[in-house]
Amino acid sequence: MNDKLYVGRPNIGSREAFLARVNDIYDRRWLSNDGPYVLEFEATMSRLLGVKHCVAMCNATVGLEIAIRALGLTGEVILPSFTFIATAHALQWQQITPVFCDIDPLTHNIDPSKVEALITPRTTAILGVHLWGRACNVEALQKIADRHGLKLLFDAAHAFACSDNGRMIGGFGDAEVFSFHATKFINTLEGGIVSTNNDDLALRLRQMKNFGFTGYDQVESIGTNGKMNEVSAAMGLTNLESLDEFIAINRAHYHRYRERLADLPGLTVMPYDETWKCNFQYIVVDLDSEIAGISRDELVRRLHEQGVIARRYFFPGCHRMEPYLTLNPEAGGNLPETEKLVQRLFCLPTGSGVSVADLERVCDLIRGLVK
Ligand SMILES: *Cc1c(COP(=O)(O)O)cnc(C)c1O
């Protein structure tokens, strides 16, 4: 299984540094509940993102659920359908209706010009997703949110170590949620953080992720268990020590893919805007099958046959998955750009687990399949 080349093969830092931290955890016998490594991880994140509060969570999905609750969202929330299913589920899980908005075909992010038409008296927030680490049009979304008295939340699962207009992603809107799942740019095995500059919100997030406890034997409100454990934080701190190396590897892979696939008809490796900070974690390919002479699905199938596990992202779109399809079977009619893009895109393997030789092989395979 591991000789296959997967999209999302983990980036992992120094084994020795990680095991040294695990030894400390053994010695301390402090495994969870705001242990020293979790606090260090949160402080490091705050510094890197330039955000006042980073609240560590057991994963980003629970982070989103808690942020949604801590912000008091109800009714309907507007979000893109072109995202990982967790973004929608985090709302529906608490009886909030996800209202899917179309995307800008150039940035793949929620199209602010299509948001206002979706606002109803039940709308309480906009939930943007910084897809592929590229920031949403934060300014336009904030203006809409302010004009209609809505909260603004971002799913920044893809966007750790990325910036927009010189500002790190992490401080936008009311809160942002990062994922440190194994497949993400930086991982804590499983994990996430919610970042915010709002002191009251940070306090609510901290209480909610710990059953609503406000002190010993004192519970003031409903909460859940969203805590990050010490081993996860140790993994995160270790991986952060290789942050620059991971970016350099991803960036080199990205440029090599761009170079080697540049002349193929109908195939484009999505460009990153390097004026801003990028983690280059996603090699996103747009395929026009008419011109390329092979369908996207056939290309992906042929790559799988050769052990290259390319992935269709985000196929078929949240609105075509349950329960959303049954709840609103017509949603696709409002999402023409999303419907087009889910048929065209796929992602290729990258990261520190992919060697230059692997990458050349993937490029050779693709060159053999596209006319
Ligand atoms: C990975 C991902 C999530 C979920 O993160 P977990 O930490 O696995 O819960 C949510 N949204 C997006 C866009 C993601 O890519």
# chains A, B, ... in the order shown; residues from 1 in each chain; ligands from 1
call {"tool": "closest_atom_pairs", "arguments": {"of": "chain A", "to": "ligand 1", "cutoff": "10 Å", "atoms": "only C-alpha atoms and all ligand atoms", "output": "CSV"}}
result
residue,atom,partner,partner_atom_place_in_ligand_line,distance
A:Met57,CA,ligand 1,7 (O),8.8
A:Cys58,CA,ligand 1,7 (O),7.7
A:Asn59,CA,ligand 1,7 (O),4.0
A:Ala60,CA,ligand 1,7 (O),3.7
A:Thr61,CA,ligand 1,9 (O),3.7
A:Val62,CA,ligand 1,9 (O),6.5
A:Gly63,CA,ligand 1,9 (O),7.7
A:Leu64,CA,ligand 1,10 (C),8.0
A:Glu65,CA,ligand 1,9 (O),10.0
A:Phe82,CA,ligand 1,13 (C),8.9
A:Thr83,CA,ligand 1,13 (C),5.3
A:Phe84,CA,ligand 1,13 (C),4.7
A:Ile85,CA,ligand 1,11 (N),7.1
A:Ala86,CA,ligand 1,10 (C),4.9
A:Thr87,CA,ligand 1,11 (N),5.1
A:Ala88,CA,ligand 1,11 (N),8.8
A:His89,CA,ligand 1,10 (C),9.4
A:Ala90,CA,ligand 1,10 (C),8.8
A:Gly128,CA,ligand 1,13 (C),9.7
A:Val129,CA,ligand 1,13 (C),6.4
A:His130,CA,ligand 1,13 (C),7.7
A:Leu131,CA,ligand 1,13 (C),6.7
A:Trp132,CA,ligand 1,13 (C),8.5
A:Gly133,CA,ligand 1,13 (C),9.6
A:Phe154,CA,ligand 1,11 (N),9.6
A:Asp155,CA,ligand 1,11 (N),5.9
A:Ala156,CA,ligand 1,13 (C),6.9
A:Ala157,CA,ligand 1,12 (C),4.8
A:His158,CA,ligand 1,15 (O),5.7
A:Ala159,CA,ligand 1,13 (C),9.1
A:Val177,CA,ligand 1,10 (C),8.4
A:Phe178,CA,ligand 1,7 (O),7.4
A:Ser179,CA,ligand 1,7 (O),4.2
A:Phe180,CA,ligand 1,7 (O),5.6
A:His181,CA,ligand 1,7 (O),4.6
A:Ala182,CA,ligand 1,8 (O),8.0
A:Thr183,CA,ligand 1,1 (C),7.6
A:Lys184,CA,ligand 1,1 (C),6.9
A:Asn187,CA,ligand 1,7 (O),9.1
A:Thr188,CA,ligand 1,7 (O),9.4
A:Leu189,CA,ligand 1,7 (O),9.2
A:Glu190,CA,ligand 1,7 (O),6.1
A:Gly191,CA,ligand 1,7 (O),5.4
A:Gly192,CA,ligand 1,7 (O),5.6
A:Ile193,CA,ligand 1,7 (O),9.0
A:Tyr313,CA,ligand 1,15 (O),10.0
A:Phe314,CA,ligand 1,13 (C),9.5
call {"tool": "residues_around", "arguments": {"residues": "Gly166 in chain A", "least_positions_apart": "6", "cutoff": "9 Å", "atoms": "only C-alpha atoms", "output": "ChimeraX atom specification"}}
result
/A:275-277
call {"tool": "select_by_dssp", "arguments": {"residues": "range 107-339 of chain A", "states": "helix (DSSP H, G or I)", "output": "ChimeraX atom specification"}}
result
/A:112-114,116-118,131-133,138-148,199-208,230-240,243-261,289-292,296-305,318-320,324-327,331-334,336-339
call {"tool": "residues_around", "arguments": {"residues": "range 32-43 of chain A", "least_positions_apart": "4", "cutoff": "12 Å", "atoms": "only C-alpha atoms", "output": "PDB file with C-alpha atoms, in the first residue's frame"}}
result
ATOM      1  CA  PHE A  18       9.398  13.882  18.082  1.00  0.00           C
ATOM      2  CA  ARG A  21       9.159  15.080  23.150  1.00  0.00           C
ATOM      3  CA  VAL A  22       7.271  11.806  23.620  1.00  0.00           C
ATOM      4  CA  ASP A  24       9.113  14.148  28.052  1.00  0.00           C
ATOM      5  CA  ILE A  25       5.418  13.322  27.948  1.00  0.00           C
ATOM      6  CA  ARG A  28       5.615  14.283  33.007  1.00  0.00           C
ATOM      7  CA  ARG A  47       3.083  34.113  16.908  1.00  0.00           C
ATOM      8  CA  LEU A  48       3.250  32.600  13.403  1.00  0.00           C
ATOM      9  CA  LEU A  49      -0.239  33.791  12.468  1.00  0.00           C
ATOM     10  CA  GLY A  50      -0.087  37.131  14.265  1.00  0.00           C
ATOM     11  CA  VAL A  51      -3.369  36.338  16.020  1.00  0.00           C
ATOM     12  CA  LYS A  52      -4.166  36.961  19.681  1.00  0.00           C
ATOM     13  CA  HIS A  53      -5.772  33.588  20.436  1.00  0.00           C
ATOM     14  CA  CYS A  54      -5.208  30.128  19.001  1.00  0.00           C
ATOM     15  CA  VAL A  55      -7.326  27.452  20.642  1.00  0.00           C
ATOM     16  CA  ALA A  56      -6.091  23.918  19.954  1.00  0.00           C
ATOM     17  CA  MET A  57      -8.712  21.333  19.039  1.00  0.00           C
ATOM     18  CA  CYS A  58      -8.806  17.573  18.449  1.00  0.00           C
ATOM     19  CA  PHE A 180      -3.667  19.666  11.157  1.00  0.00           C
ATOM     20  CA  ASN A 187      -0.023  17.835  10.812  1.00  0.00           C
ATOM     21  CA  THR A 188      -0.528  17.003  14.476  1.00  0.00           C
ATOM     22  CA  GLY A 191      -5.839  18.229  15.170  1.00  0.00           C
ATOM     23  CA  GLY A 192      -6.803  21.793  14.489  1.00  0.00           C
ATOM     24  CA  ILE A 193      -6.958  25.274  15.915  1.00  0.00           C
ATOM     25  CA  VAL A 194      -9.496  28.047  15.992  1.00  0.00           C
ATOM     26  CA  SER A 195      -7.835  31.462  15.748  1.00  0.00           C
ATOM     27  CA  THR A 196      -9.441  34.755  16.716  1.00  0.00           C
ATOM     28  CA  ARG A 206     -11.957  27.256  25.533  1.00  0.00           C
ATOM     29  CA  GLN A 207     -14.922  26.452  27.731  1.00  0.00           C
ATOM     30  CA  LYS A 209     -13.968  22.423  24.048  1.00  0.00           C
ATOM     31  CA  ASN A 210     -13.738  21.314  27.690  1.00  0.00           C
ATOM     32  CA  PHE A 211     -17.363  20.351  28.533  1.00  0.00           C
ATOM     33  CA  PHE A 213     -15.977  23.766  32.661  1.00  0.00           C
ATOM     34  CA  ASN A 225     -14.746  17.384  24.162  1.00  0.00           C
ATOM     35  CA  GLY A 226     -12.625  19.145  21.566  1.00  0.00           C
ATOM     36  CA  LYS A 227      -9.279  18.994  23.344  1.00  0.00           C
ATOM     37  CA  MET A 228      -5.959  18.351  21.643  1.00  0.00           C
ATOM     38  CA  ASN A 229      -3.687  15.814  23.354  1.00  0.00           C
ATOM     39  CA  GLU A 230      -0.002  16.180  24.170  1.00  0.00           C
ATOM     40  CA  VAL A 231       1.298  13.712  21.587  1.00  0.00           C
ATOM     41  CA  SER A 232      -0.504  15.623  18.850  1.00  0.00           C
ATOM     42  CA  ALA A 233       0.972  18.908  20.033  1.00  0.00           C
ATOM     43  CA  ALA A 234       4.427  17.282  20.201  1.00  0.00           C
ATOM     44  CA  MET A 235       4.004  16.164  16.586  1.00  0.00           C
ATOM     45  CA  GLY A 236       2.868  19.655  15.600  1.00  0.00           C
ATOM     46  CA  LEU A 237       5.810  21.386  17.296  1.00  0.00           C
ATOM     47  CA  THR A 238       8.201  18.920  15.678  1.00  0.00           C
ATOM     48  CA  ASN A 239       6.726  19.406  12.217  1.00  0.00           C
ATOM     49  CA  LEU A 240       6.798  23.194  12.604  1.00  0.00           C
ATOM     50  CA  GLU A 241      10.579  22.940  12.965  1.00  0.00           C
TER      51      GLU A 241
END
call {"tool": "closest_residue", "arguments": {"among": "A:Asn250, A:Thr120, A:Ser81, A:Ser46", "to": "Gly171 in chain A", "atoms": "only C-alpha atoms"}}
result
A:Ser46
call {"tool": "atom_distance", "arguments": {"atom1": "CA of Ile249 in chain A", "atom2": "CA of Gly351 in chain A"}}
result
6.5 Å
call {"tool": "atom_distance", "arguments": {"atom1": "CA of Arg301 in chain A", "atom2": "CA of Thr326 in chain A"}}
result
28.5 Å
call {"tool": "closest_residue", "arguments": {"among": "A:Cys347, A:Tyr26, A:Asp286, A:Leu153", "to": "Arg311 in chain A", "atoms": "only C-alpha atoms"}}
result
A:Cys347
call {"tool": "atom_distance", "arguments": {"atom1": "CA of Val99 in chain A", "atom2": "CA of Val115 in chain A"}}
result
9.8 Å
call {"tool": "closest_residue", "arguments": {"among": "A:Ala331, A:Leu201, A:Ile186, A:Ala252", "to": "Pro80 in chain A", "atoms": "only C-alpha atoms"}}
result
A:Ala331
call {"tool": "residues_around", "arguments": {"residues": "Leu73 in chain A", "least_positions_apart": "3", "cutoff": "12 Å", "atoms": "only C-alpha atoms", "output": "PyMOL selection string"}}
result
chain A and resi 64-70+76-78+90-92+94-98+122-127+150-153+174
call {"tool": "closest_residue", "arguments": {"among": "A:Cys363, A:Ile283, A:Leu118, A:Val308", "to": "Arg251 in chain A", "atoms": "only C-alpha atoms"}}
result
A:Ile283
call {"tool": "residues_around", "arguments": {"residues": "Pro316 in chain A", "least_positions_apart": "6", "cutoff": "9 Å", "atoms": "only C-alpha atoms", "output": "list in words"}}
result
Phe82, Glu339, Val342 and Gln343 of chain A
call {"tool": "write_last_selection", "arguments": {"atoms": "N, CA, C and O atoms", "output": "short mmCIF file (atom, residue, chain, number, x, y, z; two decimals), in the first residue's frame"}}
result
data_model
loop_
_atom_site.label_atom_id
_atom_site.label_comp_id
_atom_site.auth_asym_id
_atom_site.auth_seq_id
_atom_site.Cartn_x
_atom_site.Cartn_y
_atom_site.Cartn_z
N PHE A 82 -18.15 23.88 -3.13
CA PHE A 82 -16.86 23.37 -3.60
C PHE A 82 -15.86 23.38 -2.44
O PHE A 82 -14.99 24.26 -2.32
N GLU A 339 -20.45 23.28 -10.69
CA GLU A 339 -20.78 22.07 -11.46
C GLU A 339 -19.75 21.82 -12.56
O GLU A 339 -19.43 20.68 -12.86
N VAL A 342 -16.14 20.73 -10.77
CA VAL A 342 -16.03 19.38 -10.17
C VAL A 342 -15.79 18.31 -11.25
O VAL A 342 -15.34 17.22 -10.93
N GLN A 343 -16.06 18.66 -12.51
CA GLN A 343 -15.83 17.72 -13.61
C GLN A 343 -14.42 17.85 -14.18
O GLN A 343 -14.01 17.02 -15.00
#
call {"tool": "select_by_dssp", "arguments": {"residues": "range 64-123 of chain A", "states": "strand (DSSP E or B)", "output": "PyMOL selection string"}}
result
chain A and resi 76-80+97-101+103+110+123
call {"tool": "closest_residue", "arguments": {"among": "A:Arg15, A:Glu290, A:Met168, A:Phe100", "to": "Glu330 in chain A", "atoms": "only C-alpha atoms"}}
result
A:Phe100
call {"tool": "closest_residue", "arguments": {"among": "A:Ser163, A:Thr350, A:Thr74, A:Thr214", "to": "Arg256 in chain A", "atoms": "only C-alpha atoms"}}
result
A:Thr350
call {"tool": "decode", "arguments": {"residues": "range 117-136 of chain A", "atoms": "N, CA and C atoms", "output": "mmCIF file, in the first residue's frame"}}
result
data_model
loop_
_atom_site.group_PDB
_atom_site.id
_atom_site.type_symbol
_atom_site.label_atom_id
_atom_site.label_comp_id
_atom_site.auth_asym_id
_atom_site.auth_seq_id
_atom_site.Cartn_x
_atom_site.Cartn_y
_atom_site.Cartn_z
ATOM 1 N N ALA A 117 -27.576 37.647 -2.798
ATOM 2 C CA ALA A 117 -28.851 37.106 -3.292
ATOM 3 C C ALA A 117 -29.319 35.923 -2.434
ATOM 4 N N LEU A 118 -28.412 35.323 -1.667
ATOM 5 C CA LEU A 118 -28.758 34.139 -0.875
ATOM 6 C C LEU A 118 -29.150 34.477 0.564
ATOM 7 N N ILE A 119 -28.979 35.741 0.932
ATOM 8 C CA ILE A 119 -29.273 36.141 2.316
ATOM 9 C C ILE A 119 -30.783 36.199 2.533
ATOM 10 N N THR A 120 -31.241 35.572 3.609
ATOM 11 C CA THR A 120 -32.655 35.605 3.990
ATOM 12 C C THR A 120 -32.728 36.064 5.449
ATOM 13 N N PRO A 121 -33.943 36.262 5.974
ATOM 14 C CA PRO A 121 -34.037 36.646 7.404
ATOM 15 C C PRO A 121 -33.437 35.585 8.338
ATOM 16 N N ARG A 122 -33.268 34.368 7.856
ATOM 17 C CA ARG A 122 -32.722 33.306 8.725
ATOM 18 C C ARG A 122 -31.190 33.239 8.681
ATOM 19 N N THR A 123 -30.560 33.968 7.749
ATOM 20 C CA THR A 123 -29.106 33.882 7.590
ATOM 21 C C THR A 123 -28.394 34.497 8.790
ATOM 22 N N THR A 124 -27.398 33.778 9.336
ATOM 23 C CA THR A 124 -26.653 34.336 10.470
ATOM 24 C C THR A 124 -25.163 34.503 10.172
ATOM 25 N N ALA A 125 -24.678 33.891 9.099
ATOM 26 C CA ALA A 125 -23.228 33.993 8.862
ATOM 27 C C ALA A 125 -22.855 33.607 7.440
ATOM 28 N N ILE A 126 -21.639 34.011 7.083
ATOM 29 C CA ILE A 126 -20.979 33.541 5.867
ATOM 30 C C ILE A 126 -19.781 32.711 6.333
ATOM 31 N N LEU A 127 -19.625 31.555 5.712
ATOM 32 C CA LEU A 127 -18.498 30.675 6.035
ATOM 33 C C LEU A 127 -17.678 30.491 4.755
ATOM 34 N N GLY A 128 -16.582 31.239 4.651
ATOM 35 C CA GLY A 128 -15.706 31.145 3.475
ATOM 36 C C GLY A 128 -14.682 30.043 3.659
ATOM 37 N N VAL A 129 -14.177 29.514 2.553
ATOM 38 C CA VAL A 129 -13.125 28.488 2.606
ATOM 39 C C VAL A 129 -11.956 29.005 1.777
ATOM 40 N N HIS A 130 -10.780 29.091 2.385
ATOM 41 C CA HIS A 130 -9.592 29.531 1.642
ATOM 42 C C HIS A 130 -9.022 28.317 0.906
ATOM 43 N N LEU A 131 -9.610 28.026 -0.231
ATOM 44 C CA LEU A 131 -9.264 26.790 -0.927
ATOM 45 C C LEU A 131 -7.833 26.817 -1.470
ATOM 46 N N TRP A 132 -7.174 25.700 -1.373
ATOM 47 C CA TRP A 132 -5.789 25.514 -1.841
ATOM 48 C C TRP A 132 -4.844 26.507 -1.152
ATOM 49 N N GLY A 133 -5.274 27.094 -0.031
ATOM 50 C CA GLY A 133 -4.433 28.073 0.647
ATOM 51 C C GLY A 133 -4.529 29.465 0.062
ATOM 52 N N ARG A 134 -5.395 29.652 -0.927
ATOM 53 C CA ARG A 134 -5.574 30.981 -1.516
ATOM 54 C C ARG A 134 -6.706 31.684 -0.778
ATOM 55 N N ALA A 135 -6.414 32.876 -0.259
ATOM 56 C CA ALA A 135 -7.401 33.582 0.556
ATOM 57 C C ALA A 135 -8.650 33.899 -0.259
ATOM 58 N N CYS A 136 -9.802 33.793 0.408
ATOM 59 C CA CYS A 136 -11.051 34.301 -0.159
ATOM 60 C C CYS A 136 -10.904 35.807 -0.358
#
